[in-house]
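Enquirer: The file below is final-v1.pdb, PDB, N, CA and C atoms, pLDDT in the B column:
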ATOM      1  N   MET G 501     126.815-316.061  58.628  1.00 54.00           N
ATOM      2  CA  MET G 501     126.125-317.054  57.830  1.00 54.00           C
ATOM      3  C   MET G 501     126.954-318.329  57.854  1.00 54.00           C
ATOM      4  N   ALA G 502     126.301-319.461  57.984  1.00 52.00           N
ATOM      5  CA  ALA G 502     127.007-320.738  58.038  1.00 52.00           C
ATOM      6  C   ALA G 502     126.277-321.760  57.174  1.00 52.00           C
ATOM      7  N   ASP G 503     127.023-322.737  56.702  1.00 55.00           N
ATOM      8  CA  ASP G 503     126.444-323.874  55.994  1.00 55.00           C
ATOM      9  C   ASP G 503     127.351-325.069  56.228  1.00 55.00           C
ATOM     10  N   GLY G 504     127.264-326.096  55.415  1.00 51.00           N
ATOM     11  CA  GLY G 504     128.076-327.294  55.597  1.00 51.00           C
ATOM     12  C   GLY G 504     129.565-327.045  55.459  1.00 51.00           C
ATOM     13  N   LEU G 505     129.953-325.950  54.787  1.00 56.00           N
ATOM     14  CA  LEU G 505     131.372-325.644  54.590  1.00 56.00           C
ATOM     15  C   LEU G 505     131.937-324.754  55.683  1.00 56.00           C
ATOM     16  N   GLY G 506     131.116-324.331  56.603  1.00 73.00           N
ATOM     17  CA  GLY G 506     131.603-323.470  57.673  1.00 73.00           C
ATOM     18  C   GLY G 506     130.950-322.106  57.616  1.00 73.00           C
ATOM     19  N   GLU G 507     131.544-321.180  58.312  1.00 94.00           N
ATOM     20  CA  GLU G 507     130.994-319.833  58.420  1.00 94.00           C
ATOM     21  C   GLU G 507     131.467-318.969  57.252  1.00 94.00           C
ATOM     22  N   TRP G 508     130.565-318.160  56.699  1.00 96.00           N
ATOM     23  CA  TRP G 508     130.869-317.246  55.609  1.00 96.00           C
ATOM     24  C   TRP G 508     130.914-315.826  56.153  1.00 96.00           C
ATOM     25  N   ILE G 509     131.918-315.072  55.725  1.00 97.00           N
ATOM     26  CA  ILE G 509     132.068-313.693  56.172  1.00 97.00           C
ATOM     27  C   ILE G 509     132.264-312.789  54.958  1.00 97.00           C
ATOM     28  N   THR G 510     131.975-311.516  55.133  1.00 96.00           N
ATOM     29  CA  THR G 510     132.170-310.546  54.063  1.00 96.00           C
ATOM     30  C   THR G 510     133.634-310.121  54.014  1.00 96.00           C
ATOM     31  N   THR G 511     133.999-309.412  52.956  1.00 96.00           N
ATOM     32  CA  THR G 511     135.369-308.905  52.866  1.00 96.00           C
ATOM     33  C   THR G 511     135.635-307.897  53.985  1.00 96.00           C
ATOM     34  N   THR G 512     134.620-307.173  54.396  1.00 96.00           N
ATOM     35  CA  THR G 512     134.773-306.236  55.516  1.00 96.00           C
ATOM     36  C   THR G 512     135.084-306.990  56.803  1.00 96.00           C
ATOM     37  N   ASP G 513     134.343-308.063  57.050  1.00 97.00           N
ATOM     38  CA  ASP G 513     134.595-308.882  58.241  1.00 97.00           C
ATOM     39  C   ASP G 513     135.992-309.497  58.186  1.00 97.00           C
ATOM     40  N   ALA G 514     136.384-309.967  57.004  1.00 97.00           N
ATOM     41  CA  ALA G 514     137.710-310.568  56.840  1.00 97.00           C
ATOM     42  C   ALA G 514     138.800-309.534  57.109  1.00 97.00           C
ATOM     43  N   ALA G 515     138.589-308.310  56.634  1.00 97.00           N
ATOM     44  CA  ALA G 515     139.557-307.241  56.869  1.00 97.00           C
ATOM     45  C   ALA G 515     139.667-306.929  58.358  1.00 97.00           C
ATOM     46  N   ASP G 516     138.530-306.863  59.040  1.00 97.00           N
ATOM     47  CA  ASP G 516     138.536-306.603  60.485  1.00 97.00           C
ATOM     48  C   ASP G 516     139.229-307.734  61.242  1.00 97.00           C
ATOM     49  N   LEU G 517     139.028-308.955  60.781  1.00 96.00           N
ATOM     50  CA  LEU G 517     139.576-310.134  61.446  1.00 96.00           C
ATOM     51  C   LEU G 517     141.090-310.244  61.278  1.00 96.00           C
ATOM     52  N   THR G 518     141.599-309.849  60.109  1.00 96.00           N
ATOM     53  CA  THR G 518     143.011-310.081  59.788  1.00 96.00           C
ATOM     54  C   THR G 518     143.883-308.833  59.773  1.00 96.00           C
ATOM     55  N   GLY G 519     143.277-307.680  59.586  1.00 95.00           N
ATOM     56  CA  GLY G 519     144.059-306.458  59.450  1.00 95.00           C
ATOM     57  C   GLY G 519     144.427-306.148  58.003  1.00 95.00           C
ATOM     58  N   TYR G 520     144.074-307.040  57.074  1.00 96.00           N
ATOM     59  CA  TYR G 520     144.295-306.777  55.652  1.00 96.00           C
ATOM     60  C   TYR G 520     143.170-305.865  55.139  1.00 96.00           C
ATOM     61  N   ALA G 521     143.405-305.229  54.004  1.00 97.00           N
ATOM     62  CA  ALA G 521     142.393-304.357  53.406  1.00 97.00           C
ATOM     63  C   ALA G 521     141.336-305.179  52.675  1.00 97.00           C
ATOM     64  N   ARG G 522     140.132-304.625  52.579  1.00 96.00           N
ATOM     65  CA  ARG G 522     139.060-305.292  51.827  1.00 96.00           C
ATOM     66  C   ARG G 522     139.472-305.505  50.381  1.00 96.00           C
ATOM     67  N   ALA G 523     140.131-304.522  49.796  1.00 96.00           N
ATOM     68  CA  ALA G 523     140.563-304.622  48.396  1.00 96.00           C
ATOM     69  C   ALA G 523     141.551-305.770  48.209  1.00 96.00           C
ATOM     70  N   TYR G 524     142.353-306.049  49.232  1.00 96.00           N
ATOM     71  CA  TYR G 524     143.320-307.143  49.150  1.00 96.00           C
ATOM     72  C   TYR G 524     142.592-308.480  49.005  1.00 96.00           C
ATOM     73  N   PHE G 525     141.495-308.645  49.709  1.00 97.00           N
ATOM     74  CA  PHE G 525     140.733-309.889  49.589  1.00 97.00           C
ATOM     75  C   PHE G 525     140.118-310.023  48.201  1.00 97.00           C
ATOM     76  N   ARG G 526     139.665-308.916  47.627  1.00 96.00           N
ATOM     77  CA  ARG G 526     139.155-308.982  46.256  1.00 96.00           C
ATOM     78  C   ARG G 526     140.268-309.379  45.284  1.00 96.00           C
ATOM     79  N   GLN G 527     141.488-308.893  45.521  1.00 96.00           N
ATOM     80  CA  GLN G 527     142.631-309.290  44.687  1.00 96.00           C
ATOM     81  C   GLN G 527     142.929-310.781  44.841  1.00 96.00           C
ATOM     82  N   LEU G 528     142.877-311.278  46.060  1.00 96.00           N
ATOM     83  CA  LEU G 528     143.121-312.703  46.288  1.00 96.00           C
ATOM     84  C   LEU G 528     142.088-313.557  45.561  1.00 96.00           C
ATOM     85  N   ILE G 529     140.854-313.111  45.550  1.00 96.00           N
ATOM     86  CA  ILE G 529     139.793-313.832  44.846  1.00 96.00           C
ATOM     87  C   ILE G 529     140.069-313.815  43.347  1.00 96.00           C
ATOM     88  N   GLN G 530     140.377-312.645  42.801  1.00 95.00           N
ATOM     89  CA  GLN G 530     140.640-312.523  41.363  1.00 95.00           C
ATOM     90  C   GLN G 530     141.839-313.357  40.935  1.00 95.00           C
ATOM     91  N   ARG G 531     142.849-313.469  41.787  1.00 94.00           N
ATOM     92  CA  ARG G 531     144.056-314.227  41.464  1.00 94.00           C
ATOM     93  C   ARG G 531     143.908-315.722  41.743  1.00 94.00           C
ATOM     94  N   GLY G 532     142.755-316.114  42.281  1.00 94.00           N
ATOM     95  CA  GLY G 532     142.497-317.525  42.533  1.00 94.00           C
ATOM     96  C   GLY G 532     143.192-318.077  43.760  1.00 94.00           C
ATOM     97  N   ARG G 533     143.572-317.224  44.682  1.00 93.00           N
ATOM     98  CA  ARG G 533     144.267-317.691  45.884  1.00 93.00           C
ATOM     99  C   ARG G 533     143.308-318.078  46.997  1.00 93.00           C
ATOM    100  N   LEU G 534     142.072-317.613  46.906  1.00 95.00           N
ATOM    101  CA  LEU G 534     141.015-318.053  47.813  1.00 95.00           C
ATOM    102  C   LEU G 534     139.985-318.777  46.958  1.00 95.00           C
ATOM    103  N   HIS G 535     139.620-319.974  47.366  1.00 93.00           N
ATOM    104  CA  HIS G 535     138.771-320.814  46.529  1.00 93.00           C
ATOM    105  C   HIS G 535     137.340-320.922  47.043  1.00 93.00           C
ATOM    106  N   ASN G 536     137.159-320.894  48.335  1.00 93.00           N
ATOM    107  CA  ASN G 536     135.817-321.031  48.905  1.00 93.00           C
ATOM    108  C   ASN G 536     135.198-319.649  49.046  1.00 93.00           C
ATOM    109  N   VAL G 537     134.738-319.112  47.926  1.00 96.00           N
ATOM    110  CA  VAL G 537     134.129-317.785  47.898  1.00 96.00           C
ATOM    111  C   VAL G 537     132.800-317.864  47.160  1.00 96.00           C
ATOM    112  N   ARG G 538     131.948-316.926  47.467  1.00 95.00           N
ATOM    113  CA  ARG G 538     130.645-316.820  46.805  1.00 95.00           C
ATOM    114  C   ARG G 538     130.362-315.353  46.546  1.00 95.00           C
ATOM    115  N   LYS G 539     129.734-315.084  45.440  1.00 95.00           N
ATOM    116  CA  LYS G 539     129.297-313.722  45.149  1.00 95.00           C
ATOM    117  C   LYS G 539     127.794-313.680  45.364  1.00 95.00           C
ATOM    118  N   VAL G 540     127.357-312.825  46.264  1.00 95.00           N
ATOM    119  CA  VAL G 540     125.936-312.653  46.556  1.00 95.00           C
ATOM    120  C   VAL G 540     125.612-311.193  46.267  1.00 95.00           C
ATOM    121  N   GLY G 541     124.906-310.977  45.174  1.00 95.00           N
ATOM    122  CA  GLY G 541     124.650-309.597  44.755  1.00 95.00           C
ATOM    123  C   GLY G 541     125.969-308.957  44.373  1.00 95.00           C
ATOM    124  N   ARG G 542     126.306-307.877  45.032  1.00 94.00           N
ATOM    125  CA  ARG G 542     127.584-307.221  44.755  1.00 94.00           C
ATOM    126  C   ARG G 542     128.642-307.543  45.807  1.00 94.00           C
ATOM    127  N   ASP G 543     128.277-308.358  46.778  1.00 94.00           N
ATOM    128  CA  ASP G 543     129.180-308.680  47.885  1.00 94.00           C
ATOM    129  C   ASP G 543     129.836-310.038  47.703  1.00 94.00           C
ATOM    130  N   TRP G 544     131.069-310.135  48.132  1.00 96.00           N
ATOM    131  CA  TRP G 544     131.775-311.417  48.171  1.00 96.00           C
ATOM    132  C   TRP G 544     131.669-311.988  49.573  1.00 96.00           C
ATOM    133  N   LEU G 545     131.406-313.272  49.657  1.00 97.00           N
ATOM    134  CA  LEU G 545     131.433-313.986  50.927  1.00 97.00           C
ATOM    135  C   LEU G 545     132.605-314.954  50.871  1.00 97.00           C
ATOM    136  N   LEU G 546     133.371-314.993  51.945  1.00 97.00           N
ATOM    137  CA  LEU G 546     134.561-315.832  52.021  1.00 97.00           C
ATOM    138  C   LEU G 546     134.410-316.812  53.160  1.00 97.00           C
ATOM    139  N   SER G 547     135.035-317.952  53.010  1.00 97.00           N
ATOM    140  CA  SER G 547     135.048-318.935  54.077  1.00 97.00           C
ATOM    141  C   SER G 547     135.952-318.413  55.196  1.00 97.00           C
ATOM    142  N   LYS G 548     135.392-318.280  56.380  1.00 96.00           N
ATOM    143  CA  LYS G 548     136.161-317.752  57.510  1.00 96.00           C
ATOM    144  C   LYS G 548     137.373-318.628  57.794  1.00 96.00           C
ATOM    145  N   SER G 549     137.205-319.947  57.726  1.00 96.00           N
ATOM    146  CA  SER G 549     138.328-320.839  58.018  1.00 96.00           C
ATOM    147  C   SER G 549     139.434-320.681  56.976  1.00 96.00           C
ATOM    148  N   GLU G 550     139.067-320.496  55.703  1.00 96.00           N
ATOM    149  CA  GLU G 550     140.092-320.314  54.668  1.00 96.00           C
ATOM    150  C   GLU G 550     140.830-318.988  54.856  1.00 96.00           C
ATOM    151  N   VAL G 551     140.112-317.944  55.242  1.00 97.00           N
ATOM    152  CA  VAL G 551     140.743-316.651  55.506  1.00 97.00           C
ATOM    153  C   VAL G 551     141.750-316.783  56.644  1.00 97.00           C
ATOM    154  N   LEU G 552     141.353-317.467  57.716  1.00 96.00           N
ATOM    155  CA  LEU G 552     142.255-317.646  58.855  1.00 96.00           C
ATOM    156  C   LEU G 552     143.456-318.517  58.492  1.00 96.00           C
ATOM    157  N   GLU G 553     143.249-319.536  57.662  1.00 96.00           N
ATOM    158  CA  GLU G 553     144.359-320.380  57.212  1.00 96.00           C
ATOM    159  C   GLU G 553     145.333-319.576  56.353  1.00 96.00           C
ATOM    160  N   TYR G 554     144.809-318.736  55.469  1.00 94.00           N
ATOM    161  CA  TYR G 554     145.661-317.900  54.614  1.00 94.00           C
ATOM    162  C   TYR G 554     146.493-316.953  55.484  1.00 94.00           C
ATOM    163  N   LYS G 555     145.848-316.313  56.450  1.00 95.00           N
ATOM    164  CA  LYS G 555     146.549-315.377  57.352  1.00 95.00           C
ATOM    165  C   LYS G 555     147.644-316.112  58.116  1.00 95.00           C
ATOM    166  N   ALA G 556     147.365-317.305  58.614  1.00 95.00           N
ATOM    167  CA  ALA G 556     148.363-318.081  59.359  1.00 95.00           C
ATOM    168  C   ALA G 556     149.534-318.452  58.456  1.00 95.00           C
ATOM    169  N   ARG G 557     149.247-318.828  57.188  1.00 91.00           N
ATOM    170  CA  ARG G 557     150.316-319.154  56.237  1.00 91.00           C
ATOM    171  C   ARG G 557     151.204-317.952  55.985  1.00 91.00           C
ATOM    172  N   MET G 558     150.607-316.799  55.794  1.00 90.00           N
ATOM    173  CA  MET G 558     151.385-315.583  55.530  1.00 90.00           C
ATOM    174  C   MET G 558     152.180-315.174  56.766  1.00 90.00           C
ATOM    175  N   ASP G 559     151.594-315.327  57.935  1.00 91.00           N
ATOM    176  CA  ASP G 559     152.316-315.013  59.178  1.00 91.00           C
ATOM    177  C   ASP G 559     153.501-315.939  59.370  1.00 91.00           C
ATOM    178  N   SER G 560     153.335-317.222  59.040  1.00 88.00           N
ATOM    179  CA  SER G 560     154.432-318.173  59.227  1.00 88.00           C
ATOM    180  C   SER G 560     155.572-317.908  58.244  1.00 88.00           C
ATOM    181  N   LEU G 561     155.259-317.386  57.062  1.00 84.00           N
ATOM    182  CA  LEU G 561     156.310-317.056  56.101  1.00 84.00           C
ATOM    183  C   LEU G 561     157.092-315.816  56.507  1.00 84.00           C
ATOM    184  N   GLY G 562     156.443-314.918  57.230  1.00 81.00           N
ATOM    185  CA  GLY G 562     157.109-313.687  57.636  1.00 81.00           C
ATOM    186  C   GLY G 562     157.583-312.907  56.423  1.00 81.00           C
ATOM    187  N   THR G 563     158.804-312.394  56.488  1.00 74.00           N
ATOM    188  CA  THR G 563     159.327-311.608  55.370  1.00 74.00           C
ATOM    189  C   THR G 563     159.695-312.483  54.176  1.00 74.00           C
ATOM    190  N   ALA G 564     159.772-313.778  54.355  1.00 70.00           N
ATOM    191  CA  ALA G 564     160.107-314.688  53.251  1.00 70.00           C
ATOM    192  C   ALA G 564     159.044-314.673  52.162  1.00 70.00           C
ATOM    193  N   LYS G 565     157.825-314.232  52.496  1.00 69.00           N
ATOM    194  CA  LYS G 565     156.773-314.197  51.475  1.00 69.00           C
ATOM    195  C   LYS G 565     157.106-313.206  50.370  1.00 69.00           C
ATOM    196  N   HIS G 566     158.043-312.292  50.638  1.00 65.00           N
ATOM    197  CA  HIS G 566     158.446-311.297  49.644  1.00 65.00           C
ATOM    198  C   HIS G 566     159.713-311.703  48.894  1.00 65.00           C
ATOM    199  N   ASP G 567     160.284-312.845  49.220  1.00 72.00           N
ATOM    200  CA  ASP G 567     161.536-313.297  48.614  1.00 72.00           C
ATOM    201  C   ASP G 567     161.254-313.964  47.269  1.00 72.00           C
ATOM    202  N   PRO G 568     161.712-313.354  46.170  1.00 70.00           N
ATOM    203  CA  PRO G 568     161.418-313.927  44.856  1.00 70.00           C
ATOM    204  C   PRO G 568     162.159-315.233  44.579  1.00 70.00           C
ATOM    205  N   THR G 569     163.167-315.569  45.385  1.00 74.00           N
ATOM    206  CA  THR G 569     163.934-316.791  45.143  1.00 74.00           C
ATOM    207  C   THR G 569     163.345-317.996  45.861  1.00 74.00           C
ATOM    208  N   ARG G 570     162.386-317.787  46.745  1.00 66.00           N
ATOM    209  CA  ARG G 570     161.798-318.931  47.441  1.00 66.00           C
ATOM    210  C   ARG G 570     160.948-319.715  46.468  1.00 66.00           C
ATOM    211  N   SER G 571     160.823-320.989  46.733  1.00 64.00           N
ATOM    212  CA  SER G 571     159.997-321.813  45.848  1.00 64.00           C
ATOM    213  C   SER G 571     158.543-321.428  46.049  1.00 64.00           C
ATOM    214  N   LYS G 572     157.800-321.433  44.967  1.00 59.00           N
ATOM    215  CA  LYS G 572     156.388-321.051  45.037  1.00 59.00           C
ATOM    216  C   LYS G 572     155.607-322.092  45.808  1.00 59.00           C
ATOM    217  N   GLN G 573     154.895-321.612  46.799  1.00 52.00           N
ATOM    218  CA  GLN G 573     153.992-322.477  47.550  1.00 52.00           C
ATOM    219  C   GLN G 573     152.588-322.066  47.179  1.00 52.00           C
ATOM    220  N   SER G 574     151.644-322.790  47.629  1.00 48.00           N
ATOM    221  CA  SER G 574     150.260-322.440  47.339  1.00 48.00           C
ATOM    222  C   SER G 574     149.840-321.312  48.266  1.00 48.00           C
ATOM    223  N   ASP G 575     150.168-320.083  47.908  1.00 46.00           N
ATOM    224  CA  ASP G 575     149.766-318.918  48.691  1.00 46.00           C
ATOM    225  C   ASP G 575     148.993-318.033  47.853  1.00 46.00           C
TER     226      ASP G 575
END
Would you encode the structure as structure tokens?
Expert:
Amino acid sequence: MADGLGEWITTTDAADLTGYARAYFRQLIQRGRLHNVRKVGRDWLLSKSEVLEYKARMDSLGTAKHDPTRSKQSD
């Protein structure tokens, strides 16, 4: 599905695309870390570009994403 904001994917599609679990994407939504989301019925739709940007950010941090002393970034 696509609109002016780009392509929308389900949490299942996002999990297949990134290797993260579907439940992890629901946690990201609940914690406000993903902003371009929509709830359609019982399904969440996520912006594919935002999912890919989040994955790239986490990949670039590597193990530093688990370091409690690092300064908080928008992750």
Enquirer: Between G:Arg557, G:Tyr524, G:Thr512, G:Lys548, which residue has the minimum interatomic distance to Asn536 (chain G), considering all atoms listed in the file?
Expert: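 With all atoms listed in the file as the atom set, the closest residue is G:Lys548.
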Enquirer: How would you write, as a PyMOL selection string, the residues chosen by the PyMOL selection byres (((chain G and resi 528 and name CA) around 12) and name CA) on this structure?
Expert: chain G and resi 511+520-527+529-537+544+546+550-551+554-555+575
Enquirer: Given the choices G:Thr563, G:Arg542, G:Met558, G:Ser547, which gets closest to Glu507 (chain G) if the distance is worked out from only N, CA and C atoms?
Expert: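 Using only N, CA and C atoms, Glu507 (chain G) sits closest to G:Ser547.
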Enquirer: To one decimal in Å, tell me the separation between CA of Trp508 (chain G) and CA of Leu545 (chain G).
Expert: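 Spanning CA of Trp508 (chain G) to CA of Leu545 (chain G) is a straight-line distance of 5.7 Å.
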Enquirer: In Å, with one decimal, what is the gap from CA of Thr518 (chain G) to CA of Arg538 (chain G)?
Expert: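 That distance, rounded to one decimal, is 19.2 Å.
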Enquirer: When you draw a straight line from atom C of Gly562 (chain G) to atom C of Thr510 (chain G), how long is it in Å?
Expert: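 One can read the atom C of Gly562 (chain G) to atom C of Thr510 (chain G) distance as 24.2 Å.
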Enquirer: What residues in region 501-566 of chain G get the DSSP label alpha helix (DSSP H)? Please answer as JSON, numbers by chain.
Expert: {"G": [511, 512, 513, 514, 515, 516, 517, 518, 522, 523, 524, 525, 526, 527, 528, 529, 530, 548, 549, 550, 551, 552, 553, 554, 555, 556, 557, 558, 559, 560, 561]}
